[in-house]
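Content type compact mmCIF, C-alpha atoms, from the file model.txt:
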# COMPACT_ATOMS: atom_id res chain seq x y z
CA MET A 1 -15.90 31.74 1.70
CA ASP A 2 -15.16 33.69 -1.50
CA LEU A 3 -12.76 31.00 -2.72
CA LEU A 4 -15.43 28.30 -2.62
CA ASN A 5 -18.08 30.47 -4.28
CA THR A 6 -15.63 31.20 -7.09
CA LEU A 7 -14.78 27.52 -7.51
CA VAL A 8 -18.43 26.50 -7.63
CA ASP A 9 -19.16 29.08 -10.32
CA LYS A 10 -16.17 27.90 -12.36
CA GLY A 11 -17.13 24.24 -11.91
CA LEU A 12 -20.65 24.83 -13.18
CA ARG A 13 -19.15 26.51 -16.26
CA ARG A 14 -16.44 23.84 -16.72
CA GLU A 15 -13.86 26.57 -16.29
CA LEU A 16 -10.36 25.70 -15.13
CA PRO A 17 -9.50 27.06 -11.66
CA THR A 18 -6.16 28.77 -11.21
CA ARG A 19 -3.35 26.74 -9.68
CA GLU A 20 -3.46 29.09 -6.68
CA GLU A 21 -7.13 28.28 -6.15
CA ALA A 22 -6.50 24.54 -6.38
CA LEU A 23 -3.67 24.81 -3.86
CA ALA A 24 -5.89 26.89 -1.58
CA VAL A 25 -8.42 24.04 -1.42
CA LEU A 26 -5.72 21.67 -0.15
CA ALA A 27 -4.59 24.31 2.36
CA THR A 28 -8.01 24.79 3.99
CA SER A 29 -8.30 23.83 7.64
CA ASP A 30 -10.12 20.87 9.12
CA ASP A 31 -12.61 23.38 10.53
CA ASP A 32 -13.60 24.28 6.96
CA VAL A 33 -13.75 20.78 5.51
CA LEU A 34 -17.56 20.55 5.59
CA ASP A 35 -17.79 23.84 3.71
CA VAL A 36 -15.36 22.49 1.11
CA VAL A 37 -17.38 19.29 0.72
CA ALA A 38 -20.64 21.23 0.40
CA ALA A 39 -19.19 23.48 -2.31
CA ALA A 40 -17.66 20.68 -4.37
CA GLY A 41 -20.87 18.70 -3.85
CA LYS A 42 -22.80 21.36 -5.76
CA VAL A 43 -20.54 20.81 -8.76
CA ARG A 44 -20.81 17.02 -8.47
CA ARG A 45 -24.63 17.12 -8.31
CA HIS A 46 -24.85 19.55 -11.22
CA TRP A 47 -23.10 17.13 -13.58
CA PHE A 48 -23.99 13.74 -12.05
CA GLY A 49 -26.99 14.18 -9.78
CA ARG A 50 -27.00 11.70 -6.91
CA ARG A 51 -25.92 8.71 -9.00
CA VAL A 52 -22.99 6.50 -7.90
CA LYS A 53 -21.40 4.28 -10.52
CA LEU A 54 -20.15 0.91 -9.25
CA ASN A 55 -17.04 -0.70 -10.75
CA TYR A 56 -15.64 -4.17 -10.09
CA LEU A 57 -12.00 -5.25 -10.33
CA VAL A 58 -10.92 -8.64 -11.65
CA ASN A 59 -7.21 -9.36 -11.22
CA LEU A 60 -6.44 -11.52 -14.26
CA LYS A 61 -2.80 -12.16 -13.35
CA SER A 62 -1.44 -11.44 -9.89
CA GLY A 63 2.10 -10.74 -8.70
CA LEU A 64 5.52 -11.33 -10.25
CA CYS A 65 5.68 -7.95 -12.00
CA PRO A 66 9.11 -6.93 -13.39
CA GLU A 67 8.51 -3.23 -12.69
CA ASP A 68 9.69 -1.53 -9.47
CA CYS A 69 6.83 0.84 -8.52
CA SER A 70 7.33 1.59 -4.84
CA TYR A 71 3.64 1.55 -3.91
CA CYS A 72 2.86 -1.80 -5.49
CA SER A 73 2.56 -5.14 -3.69
CA GLN A 74 3.06 -6.98 -6.99
CA ARG A 75 6.32 -5.17 -7.81
CA LEU A 76 9.75 -6.63 -8.41
CA GLY A 77 11.24 -7.55 -5.03
CA SER A 78 7.98 -7.32 -3.10
CA THR A 79 7.85 -9.50 0.01
CA ALA A 80 4.14 -8.87 0.54
CA GLY A 81 2.28 -12.12 1.08
CA ILE A 82 -0.17 -11.60 -1.76
CA LEU A 83 -1.81 -14.13 -4.04
CA LYS A 84 0.33 -15.03 -7.03
CA TYR A 85 -1.13 -16.72 -10.10
CA THR A 86 -0.86 -16.61 -13.87
CA TRP A 87 -3.61 -15.71 -16.34
CA LEU A 88 -7.18 -16.65 -15.45
CA LYS A 89 -9.02 -18.52 -18.19
CA PRO A 90 -11.87 -16.56 -19.87
CA ASP A 91 -14.55 -18.58 -18.08
CA GLU A 92 -12.83 -18.03 -14.71
CA ALA A 93 -12.60 -14.28 -15.31
CA SER A 94 -16.21 -14.15 -16.51
CA LYS A 95 -17.36 -15.97 -13.39
CA ALA A 96 -15.47 -13.49 -11.20
CA ALA A 97 -16.95 -10.56 -13.12
CA ALA A 98 -20.46 -11.96 -12.75
CA ALA A 99 -20.24 -11.68 -8.97
CA GLY A 100 -19.53 -7.96 -9.18
CA LEU A 101 -22.25 -7.39 -11.76
CA ALA A 102 -24.75 -9.23 -9.58
CA GLY A 103 -23.80 -6.87 -6.77
CA GLY A 104 -24.70 -3.84 -8.87
CA ALA A 105 -21.50 -3.05 -10.72
CA LYS A 106 -21.87 -1.47 -14.14
CA ARG A 107 -18.24 -1.70 -15.26
CA VAL A 108 -15.76 -4.57 -14.98
CA CYS A 109 -12.08 -3.60 -14.84
CA LEU A 110 -9.78 -6.36 -16.10
CA VAL A 111 -6.32 -5.86 -14.63
CA ALA A 112 -3.09 -7.79 -15.19
CA SER A 113 0.30 -7.26 -13.59
CA GLY A 114 3.30 -6.73 -15.84
CA ARG A 115 5.11 -4.04 -17.79
CA GLY A 116 2.67 -4.33 -20.65
CA PRO A 117 0.88 -6.99 -22.71
CA THR A 118 2.39 -9.11 -25.44
CA ASP A 119 0.29 -9.59 -28.55
CA ARG A 120 -0.58 -13.04 -27.22
CA ASP A 121 -1.74 -11.41 -23.97
CA VAL A 122 -3.99 -9.08 -25.94
CA ASP A 123 -5.52 -12.12 -27.66
CA ARG A 124 -6.05 -13.68 -24.23
CA VAL A 125 -7.79 -10.59 -22.88
CA ALA A 126 -9.84 -10.27 -26.05
CA GLY A 127 -11.26 -13.74 -25.39
CA THR A 128 -12.08 -12.76 -21.83
CA ILE A 129 -13.83 -9.57 -22.94
CA LYS A 130 -15.91 -11.58 -25.42
CA ALA A 131 -16.91 -14.10 -22.75
CA ILE A 132 -17.97 -11.39 -20.30
CA LYS A 133 -19.96 -9.46 -22.88
CA GLU A 134 -21.71 -12.56 -24.23
CA GLN A 135 -22.96 -13.41 -20.74
CA ASN A 136 -23.75 -9.91 -19.48
CA GLU A 137 -25.69 -7.59 -21.74
CA GLY A 138 -24.81 -3.92 -21.45
CA VAL A 139 -21.72 -4.36 -19.27
CA GLU A 140 -18.83 -1.93 -19.70
CA VAL A 141 -15.35 -3.46 -19.81
CA CYS A 142 -12.19 -1.52 -19.00
CA ALA A 143 -8.81 -3.14 -19.66
CA CYS A 144 -5.78 -2.30 -17.56
CA LEU A 145 -2.71 -4.13 -18.81
CA GLY A 146 0.18 -1.70 -18.48
CA LEU A 147 2.10 0.05 -21.25
CA LEU A 148 0.61 -0.42 -24.71
CA SER A 149 2.54 -1.01 -27.94
CA ASP A 150 1.39 0.37 -31.27
CA GLY A 151 -1.83 -1.23 -32.47
CA GLN A 152 -2.75 -2.92 -29.20
CA ALA A 153 -5.32 -0.32 -28.14
CA GLU A 154 -7.06 -0.73 -31.49
CA ARG A 155 -7.15 -4.51 -31.05
CA LEU A 156 -8.68 -4.17 -27.59
CA ARG A 157 -11.29 -1.81 -28.98
CA GLU A 158 -12.12 -4.29 -31.76
CA ALA A 159 -12.44 -7.02 -29.13
CA GLY A 160 -15.13 -5.02 -27.37
CA ALA A 161 -13.24 -3.09 -24.70
CA ASP A 162 -14.95 0.18 -23.84
CA ALA A 163 -12.17 1.81 -21.87
CA TYR A 164 -8.49 1.57 -20.94
CA ASN A 165 -7.00 2.51 -17.60
CA HIS A 166 -3.45 3.70 -17.06
CA ASN A 167 -2.75 6.04 -14.16
CA LEU A 168 -0.22 8.88 -14.08
CA ASN A 169 -0.03 8.35 -10.30
CA THR A 170 2.04 11.41 -9.37
CA SER A 171 3.61 14.54 -10.83
CA GLU A 172 6.17 14.35 -13.61
CA SER A 173 8.82 16.03 -11.42
CA THR A 174 8.63 13.33 -8.73
CA TYR A 175 7.79 10.30 -10.87
CA GLY A 176 11.38 9.04 -10.89
CA ASP A 177 11.29 8.90 -7.08
CA ILE A 178 8.66 6.15 -7.08
CA THR A 179 9.51 4.18 -10.22
CA THR A 180 12.73 3.65 -12.18
CA THR A 181 11.82 0.94 -14.69
CA HIS A 182 9.61 3.15 -16.87
CA THR A 183 8.96 6.87 -17.19
CA TYR A 184 6.15 9.34 -16.73
CA ALA A 185 6.28 9.92 -20.49
CA ASP A 186 5.66 6.20 -21.04
CA ARG A 187 2.45 6.51 -19.08
CA VAL A 188 1.29 9.60 -20.97
CA ASP A 189 1.99 7.79 -24.23
CA THR A 190 -0.23 4.87 -23.28
CA VAL A 191 -3.15 7.11 -22.29
CA THR A 192 -2.74 8.92 -25.60
CA LYS A 193 -2.76 5.62 -27.51
CA ALA A 194 -5.98 4.57 -25.78
CA HIS A 195 -7.65 7.87 -26.64
CA ALA A 196 -6.54 7.72 -30.26
CA ALA A 197 -7.98 4.21 -30.61
CA GLY A 198 -11.43 5.40 -29.54
CA LEU A 199 -11.30 3.87 -26.07
CA SER A 200 -12.65 5.86 -23.16
CA ALA A 201 -9.51 6.90 -21.28
CA CYS A 202 -9.30 6.29 -17.55
CA SER A 203 -6.31 7.80 -15.73
CA GLY A 204 -5.79 8.96 -12.18
CA LEU A 205 -3.43 9.35 -9.26
CA ILE A 206 -2.24 7.95 -5.94
CA ALA A 207 -2.19 10.30 -2.95
CA GLY A 208 -0.25 9.68 0.25
CA MET A 209 3.13 8.68 -1.14
CA GLY A 210 4.92 11.64 0.46
CA GLU A 211 4.07 14.11 -2.30
CA SER A 212 3.56 17.84 -1.78
CA ASP A 213 0.44 19.86 -2.45
CA GLU A 214 2.17 21.17 -5.56
CA ASP A 215 2.70 17.60 -6.79
CA LEU A 216 -0.99 16.81 -6.33
CA VAL A 217 -2.07 19.88 -8.24
CA ASP A 218 0.51 19.19 -10.97
CA VAL A 219 -0.76 15.67 -11.63
CA VAL A 220 -4.42 16.70 -11.62
CA TYR A 221 -3.73 19.53 -14.08
CA SER A 222 -1.80 17.07 -16.25
CA LEU A 223 -4.80 14.74 -16.16
CA ARG A 224 -7.09 17.53 -17.25
CA GLU A 225 -4.85 18.16 -20.23
CA LEU A 226 -4.90 14.46 -21.13
CA ASP A 227 -8.71 14.54 -21.06
CA PRO A 228 -9.67 11.17 -19.52
CA ASP A 229 -13.35 10.39 -19.04
CA SER A 230 -12.72 8.97 -15.59
CA VAL A 231 -10.18 9.91 -12.93
CA PRO A 232 -9.63 7.32 -10.18
CA VAL A 233 -8.25 8.81 -6.98
CA ASN A 234 -6.29 6.21 -5.02
CA PHE A 235 -5.13 6.67 -1.45
CA LEU A 236 -1.93 4.74 -0.77
CA ILE A 237 -2.49 1.40 0.91
CA PRO A 238 0.81 0.93 2.78
CA VAL A 239 1.31 -2.79 2.32
CA GLU A 240 3.99 -4.52 4.38
CA GLY A 241 6.74 -5.77 2.11
CA THR A 242 6.76 -2.65 -0.11
CA PRO A 243 9.05 0.41 0.14
CA LEU A 244 6.13 2.68 1.11
CA ALA A 245 4.80 0.48 3.90
CA LYS A 246 5.58 3.16 6.52
CA GLU A 247 3.92 6.04 4.62
CA TRP A 248 0.86 6.93 6.69
CA ASN A 249 0.43 10.56 5.65
CA LEU A 250 -3.33 10.85 5.18
CA THR A 251 -6.23 11.82 7.41
CA PRO A 252 -9.90 11.53 6.42
CA GLN A 253 -10.06 15.32 6.16
CA ARG A 254 -7.00 15.42 3.90
CA CYS A 255 -8.58 12.82 1.62
CA LEU A 256 -11.77 14.87 1.37
CA ARG A 257 -9.81 17.99 0.42
CA ILE A 258 -7.95 16.06 -2.28
CA LEU A 259 -11.18 14.72 -3.75
CA ALA A 260 -12.71 18.22 -3.68
CA MET A 261 -9.71 19.67 -5.50
CA VAL A 262 -9.99 16.98 -8.18
CA ARG A 263 -13.70 17.71 -8.59
CA PHE A 264 -13.10 21.45 -9.00
CA VAL A 265 -10.35 20.91 -11.59
CA CYS A 266 -12.24 18.11 -13.40
CA PRO A 267 -15.87 19.05 -12.79
CA ASP A 268 -17.63 16.98 -15.46
CA VAL A 269 -15.67 13.71 -15.48
CA GLU A 270 -16.25 10.51 -13.54
CA VAL A 271 -14.25 10.98 -10.35
CA ARG A 272 -13.81 7.56 -8.77
CA ILE A 273 -12.78 6.84 -5.19
CA ALA A 274 -10.47 3.89 -5.78
CA GLY A 275 -8.12 1.94 -3.50
CA GLY A 276 -7.60 3.03 0.08
CA ARG A 277 -10.95 4.61 0.89
CA GLU A 278 -11.66 2.14 3.67
CA VAL A 279 -8.16 2.57 5.11
CA HIS A 280 -7.98 6.38 5.08
CA LEU A 281 -11.53 7.78 4.84
CA ARG A 282 -12.90 5.18 7.23
CA THR A 283 -16.17 6.45 8.78
CA MET A 284 -16.00 9.55 6.56
CA GLN A 285 -16.60 7.53 3.38
CA PRO A 286 -20.23 8.70 2.99
CA LEU A 287 -19.08 12.32 2.87
CA ALA A 288 -16.78 11.47 -0.03
CA LEU A 289 -19.82 10.47 -2.11
CA HIS A 290 -20.68 14.17 -2.25
CA LEU A 291 -17.43 14.66 -4.18
CA ALA A 292 -16.97 11.53 -6.28
CA ASN A 293 -19.63 9.85 -8.42
CA SER A 294 -17.98 6.44 -8.70
CA ILE A 295 -16.45 3.77 -6.44
CA PHE A 296 -15.11 0.24 -6.60
CA LEU A 297 -17.38 -2.43 -5.17
CA GLY A 298 -15.85 -5.06 -2.89
CA ASP A 299 -12.19 -6.05 -2.96
CA TYR A 300 -9.21 -4.55 -4.80
CA LEU A 301 -6.44 -6.34 -6.64
CA THR A 302 -4.41 -7.75 -3.76
CA THR A 303 -6.14 -6.30 -0.69
CA GLU A 304 -9.65 -6.56 0.68
CA GLY A 305 -12.22 -3.79 0.67
CA GLN A 306 -15.27 -3.50 2.85
CA ALA A 307 -18.16 -5.85 2.19
CA GLY A 308 -20.08 -5.14 -0.99
CA LYS A 309 -23.33 -5.14 1.00
CA ALA A 310 -21.89 -2.42 3.24
CA ASP A 311 -21.03 -0.33 0.15
CA LEU A 312 -24.64 -0.54 -1.06
CA GLU A 313 -26.01 0.33 2.37
CA MET A 314 -23.63 3.29 2.64
CA ILE A 315 -24.79 4.65 -0.72
CA ALA A 316 -28.45 4.35 0.24
CA ASP A 317 -27.99 5.76 3.74
CA ALA A 318 -26.15 8.79 2.35
CA GLY A 319 -29.10 9.57 0.06
CA PHE A 320 -27.50 8.44 -3.20
CA GLU A 321 -28.56 5.82 -5.73
CA VAL A 322 -26.66 3.20 -7.69
CA GLU A 323 -26.34 4.11 -11.36
CA GLY A 324 -28.18 1.67 -13.60
CA ALA A 325 -26.84 -0.04 -16.71
CA GLU A 326 -29.29 1.93 -18.84
CA GLN A 327 -27.98 5.28 -17.61
CA VAL A 328 -25.14 7.13 -19.32
CA THR A 329 -22.50 8.08 -16.80
CA LEU A 330 -21.10 11.25 -18.32
CA PRO A 331 -22.86 14.51 -19.16
CA GLU A 332 -24.26 14.74 -22.68
CA HIS A 333 -21.46 16.96 -23.98
CA ARG A 334 -18.90 14.27 -23.10
CA ALA A 335 -20.85 11.07 -23.77
CA ALA A 336 -20.67 10.37 -27.47
CA THR A 337 -18.62 7.66 -29.10
CA ALA A 338 -17.49 5.37 -26.29
CA ALA A 339 -20.23 2.76 -26.16
CA GLY A 340 -22.08 4.23 -23.24
CA CYS A 341 -19.04 4.91 -21.11
CA GLY A 342 -19.06 8.49 -22.21
CA SER A 343 -16.24 9.33 -24.47
CA HIS A 344 -13.86 12.13 -25.08
CA GLU A 345 -15.60 14.73 -27.12
CA GLY A 346 -13.43 17.66 -26.38
CA GLY A 347 -14.56 18.95 -23.01
CA GLY A 348 -11.35 18.10 -21.25
CA CYS A 349 -11.71 17.19 -17.63
CA GLY A 350 -13.78 20.27 -17.57
CA SER A 351 -13.51 22.75 -20.37
CA GLN A 352 -10.27 21.36 -21.65
CA GLU A 353 -8.45 24.31 -23.02
CA SER A 354 -5.48 22.25 -24.17
CA GLY A 355 -6.51 18.92 -23.79
CA GLY A 356 -9.40 3.11 -14.11
CA CYS A 357 -9.87 1.16 -13.17
CA GLY A 358 -7.99 2.44 -10.55
CA GLY A 359 -8.16 0.59 -7.27
CA HIS A 360 -4.85 1.86 -5.86
CA GLU A 361 -3.26 -1.39 -5.59
CA GLY A 362 -1.81 -1.68 -8.89
CA GLY A 363 -0.91 1.87 -9.52
CA GLY A 364 0.09 1.36 -13.04
CA CYS A 365 -2.86 -0.32 -14.29
CA GLY A 366 -5.21 1.32 -12.12
CA GLY A 367 -5.59 -0.59 -8.95
CA HIS A 368 -2.87 0.93 -6.79
CA GLU A 369 -1.29 -1.99 -5.23
CA GLY A 370 -0.18 -3.98 -8.06
CA GLY A 371 -1.59 -4.39 -11.44
CA GLY A 372 -0.40 -3.23 -14.78
CA VAL A 373 2.82 -1.38 -14.71
CA CYS A 374 3.70 -1.87 -11.11
CA GLY A 375 6.93 -0.08 -9.12
CA SER A 376 12.28 0.00 -5.49
CA ALA A 377 12.86 3.61 -5.31
CA PRO A 378 12.56 5.78 -2.25
CA ALA A 379 9.35 7.59 -1.48
CA ALA A 380 8.83 10.87 -3.24
CA ALA A 381 10.43 13.75 -1.38
CA ALA A 382 8.20 16.53 -0.12
CA SER A 383 8.58 20.00 -1.47
CA ALA A 384 10.39 22.31 0.91
CA SER A 385 7.71 24.93 0.39
CA SER A 386 4.81 22.56 1.03
CA PRO A 387 5.30 19.72 3.52
CA ALA A 388 3.66 16.51 2.42
CA VAL A 389 2.67 15.33 5.88
CA PRO A 390 -0.29 17.23 7.33
CA ALA A 391 -0.05 18.70 10.81
CA SER A 392 -2.28 15.94 12.20
CA ALA A 393 -0.82 13.00 10.31
CA SER A 394 -2.91 9.87 10.39
CA GLU A 395 -1.75 7.15 12.75
CA ALA A 396 -0.82 3.86 11.15
CA ARG A 397 -3.94 1.69 10.81
CA THR A 398 -2.33 -1.55 9.74
CA ASP A 399 -5.37 -3.36 11.14
CA LEU A 400 -7.33 -2.05 8.15
CA VAL A 401 -4.96 -3.54 5.55
CA ALA A 402 -5.81 -7.15 4.75
CA VAL A 403 -4.34 -9.16 1.88
CA ARG A 404 -7.03 -10.55 -0.43
CA ARG A 405 -7.56 -14.30 0.05
CA ARG A 406 -10.85 -14.72 -1.80
CA GLY A 407 -12.28 -14.22 -5.26
CA ALA A 408 -10.21 -14.41 -8.46
CA GLY A 409 -7.34 -16.88 -8.19
CA THR A 410 -8.90 -18.74 -5.24
CA ASP A 411 -11.66 -21.28 -4.62
CA LEU A 412 -13.51 -18.89 -2.30
CA ALA A 413 -16.45 -16.70 -3.24
CA PRO A 414 -15.56 -13.09 -4.07
CA ASN A 415 -16.64 -10.07 -2.06
CA ALA A 416 -19.19 -8.21 -4.13

Just give me the structure as structure tokens.
Amino acid sequence: MDLLNTLVDKGLRRELPTREEALAVLATSDDDVLDVVAAAGKVRRHWFGRRVKLNYLVNLKSGLCPEDCSYCSQRLGSTAGILKYTWLKPDEASKAAAAGLAGGAKRVCLVASGRGPTDRDVDRVAGTIKAIKEQNEGVEVCACLGLLSDGQAERLREAGADAYNHNLNTSESTYGDITTTHTYADRVDTVTKAHAAGLSACSGLIAGMGESDEDLVDVVYSLRELDPDSVPVNFLIPVEGTPLAKEWNLTPQRCLRILAMVRFVCPDVEVRIAGGREVHLRTMQPLALHLANSIFLGDYLTTEGQAGKADLEMIADAGFEVEGAEQVTLPEHRAATAAGCGSHEGGGCGSQESGGCGGHEGGGCGGHEGGGVCGSAPAAAASASSPAVPASASEARTDLVAVRRRGAGTDLAPNA
């Protein structure tokens, strides 16, 4: 397929595809999905080999968010039966993080629900970062606390944070359809603040909220311009008690095409499969490793993931290897000043010509489902020219959505 050959060549050169080419990837048929995966896999292996980076989420403060993000189980007005608790103490958070690190995780993502941190909250998180780093040599820590005020990114950096996650989630034109209590521009501003403070920026999207192909391409191109080092791709977990609980728009093949498009547009960044992979990729998860070089291990913020042991077996069975703490995630041209995370050094999400944590469960912070800036608003409307729901829309698999009842905030052992 000429399209795929062109995209591979561009990906190896870190050259931005045209919007038409990106849209064409999403428009390929299910019959061609293996060809799409094989092509994008060449780009992934060129920049990242067969390494898979493992990340582990710790939900520092769960529920009771004042924001109205439609996808989020922690949002204002949510009736989802999730765990609700206030800030974990540093030793509690460190203990939770240790479980993920013992399971092979290289990065710990510290997430807290809310619009954004107060200065006292930043002090709290700083103490947690210190506790984790004192007990775990070489660990990367990503903070995900919502919208940042001036000076807060710098304070997190001084406290030892390596990265900051804040997702764009969807296109600017449809952002007001999913959230009304903050703006798309607010999100861009926070990612910019993190970058300016020397933190490795982590920012991604949520697919499956009723968006069009054009919306997906718009947000990924916006991410490339923002130049994050990692791009978490969340697939909506339709949690009962949220406005988007009935949005089951994804098939495994659709998810693979989305991941491939992200890889072609952002060839040399850490593309992370975040929340929703178990729900929507299901038995096709191993194929997605040919596209993304990073996943979350174990559970998400308010929902359960597959067993950590199953994640490790899947990686090995698919012929990949877990990335070690001594390995630098990003290619040499990107990995410079961000304490081993691989920092922004100009290459954009590819060849940036203009310029996390992410388990969809918290959408604002990163874990789409509640965490950080969460979100009543109706689902985003599909573009008339590009229907959001694929011809073979996925049937509702509510049996695969389980509220987290273990780990942080409970007396039960975490899944890692």

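The closest residue to Arg397 of chain A, picked from A:Tyr164, A:Tyr71, A:Tyr221, A:Trp248 and counting all atoms listed in the file, is A:Trp248.
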
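Remark: for Gln74 of chain A, the closest of the candidate residues A:Val403, A:Leu57, A:Leu226, A:Cys202 is A:Val403 (distances computed over all atoms listed in the file).
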
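Nearest residue to Leu301 of chain A among A:Val139, A:Ala274, A:Leu168, A:Ile258 is A:Ala274, counting all atoms listed in the file.
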
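Closest approach to Asp399 of chain A among A:Asp189, A:Glu240, A:Asp218, A:Glu270: A:Glu240, based on all atoms listed in the file.
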
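Among the candidates A:Phe264, A:Tyr300, A:Phe235, A:Phe48, the one nearest to His280 of chain A when counting all atoms listed in the file is A:Phe235.
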
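With atom CA of Ala27 of chain A on one side and atom CA of Leu12 of chain A on the other, the separation reads 22.4 Å.
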
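The coordinates place atom CA of Ala93 of chain A at 17.0 Å from atom CA of Pro117 of chain A.
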
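Shortest atom-to-atom contact with Leu223 of chain A among A:Leu205, A:Leu287, A:Leu259, A:Ala39: A:Leu205, counting all atoms listed in the file.
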
Selection near segment 154-158 of chain A, 9 Å with all atoms listed in the file, sequence-local residues under 3 positions removed, as a ChimeraX atom specification: /A:122-123,125-126,129,143,150-151,161-164,193-194,196-199

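With atom CA of Asn136 of chain A on one side and atom CA of Glu92 of chain A on the other, the separation reads 14.4 Å.
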
Centre and edge lengths of an axis-aligned box around all listed atoms of segment 160-166 of chain A, with 3 Å added on each side, are to be given in Å to one decimal, as lines of an AutoDock Vina configuration file.
center_x = -9.3
center_y = -0.7
center_z = -22.2
size_x = 17.7
size_y = 14.7
size_z = 16.3

Show which residues sit within 12 Å of Val239 of chain A, as a ChimeraX atom specification. Count all atoms listed in the file, and ignore same-chain residues fewer than 2 positions away. /A:70-75,78-82,236-237,241-248,276,279,302-304,360-362,368-370,396-404

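All residues of protein, DNA or RNA that reach within 6 Å of segment 108-111 of chain A, judged by only C-alpha atoms and not counting those fewer than 3 positions away in the chain, are A:Asn55, A:Tyr56, A:Leu57, A:Val58, A:Asn59, A:Leu60, A:Val141, A:Cys142, A:Ala143, A:Cys144, A:Leu145, A:Cys357, A:Gly371.
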
Name the residues in contact with Lys53 of chain A at a cut-off of 9 Å, using only C-alpha atoms, excluding same-chain residues fewer than 5 positions from it; report them as an MDAnalysis selection string. chainID A and resid 104:107 270 272 293:296 321:324 329

Restricting it to C-alpha atoms, dump the selection as a PDB file, keeping the file's coordinate frame.
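Result written to result-v6.pdb:
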ATOM      1  CA  GLY A 104     -24.700  -3.840  -8.870  1.00  0.00           C
ATOM      2  CA  ALA A 105     -21.500  -3.050 -10.720  1.00  0.00           C
ATOM      3  CA  LYS A 106     -21.870  -1.470 -14.140  1.00  0.00           C
ATOM      4  CA  ARG A 107     -18.240  -1.700 -15.260  1.00  0.00           C
ATOM      5  CA  GLU A 270     -16.250  10.510 -13.540  1.00  0.00           C
ATOM      6  CA  ARG A 272     -13.810   7.560  -8.770  1.00  0.00           C
ATOM      7  CA  ASN A 293     -19.630   9.850  -8.420  1.00  0.00           C
ATOM      8  CA  SER A 294     -17.980   6.440  -8.700  1.00  0.00           C
ATOM      9  CA  ILE A 295     -16.450   3.770  -6.440  1.00  0.00           C
ATOM     10  CA  PHE A 296     -15.110   0.240  -6.600  1.00  0.00           C
ATOM     11  CA  GLU A 321     -28.560   5.820  -5.730  1.00  0.00           C
ATOM     12  CA  VAL A 322     -26.660   3.200  -7.690  1.00  0.00           C
ATOM     13  CA  GLU A 323     -26.340   4.110 -11.360  1.00  0.00           C
ATOM     14  CA  GLY A 324     -28.180   1.670 -13.600  1.00  0.00           C
ATOM     15  CA  THR A 329     -22.500   8.080 -16.800  1.00  0.00           C
TER      16      THR A 329
END
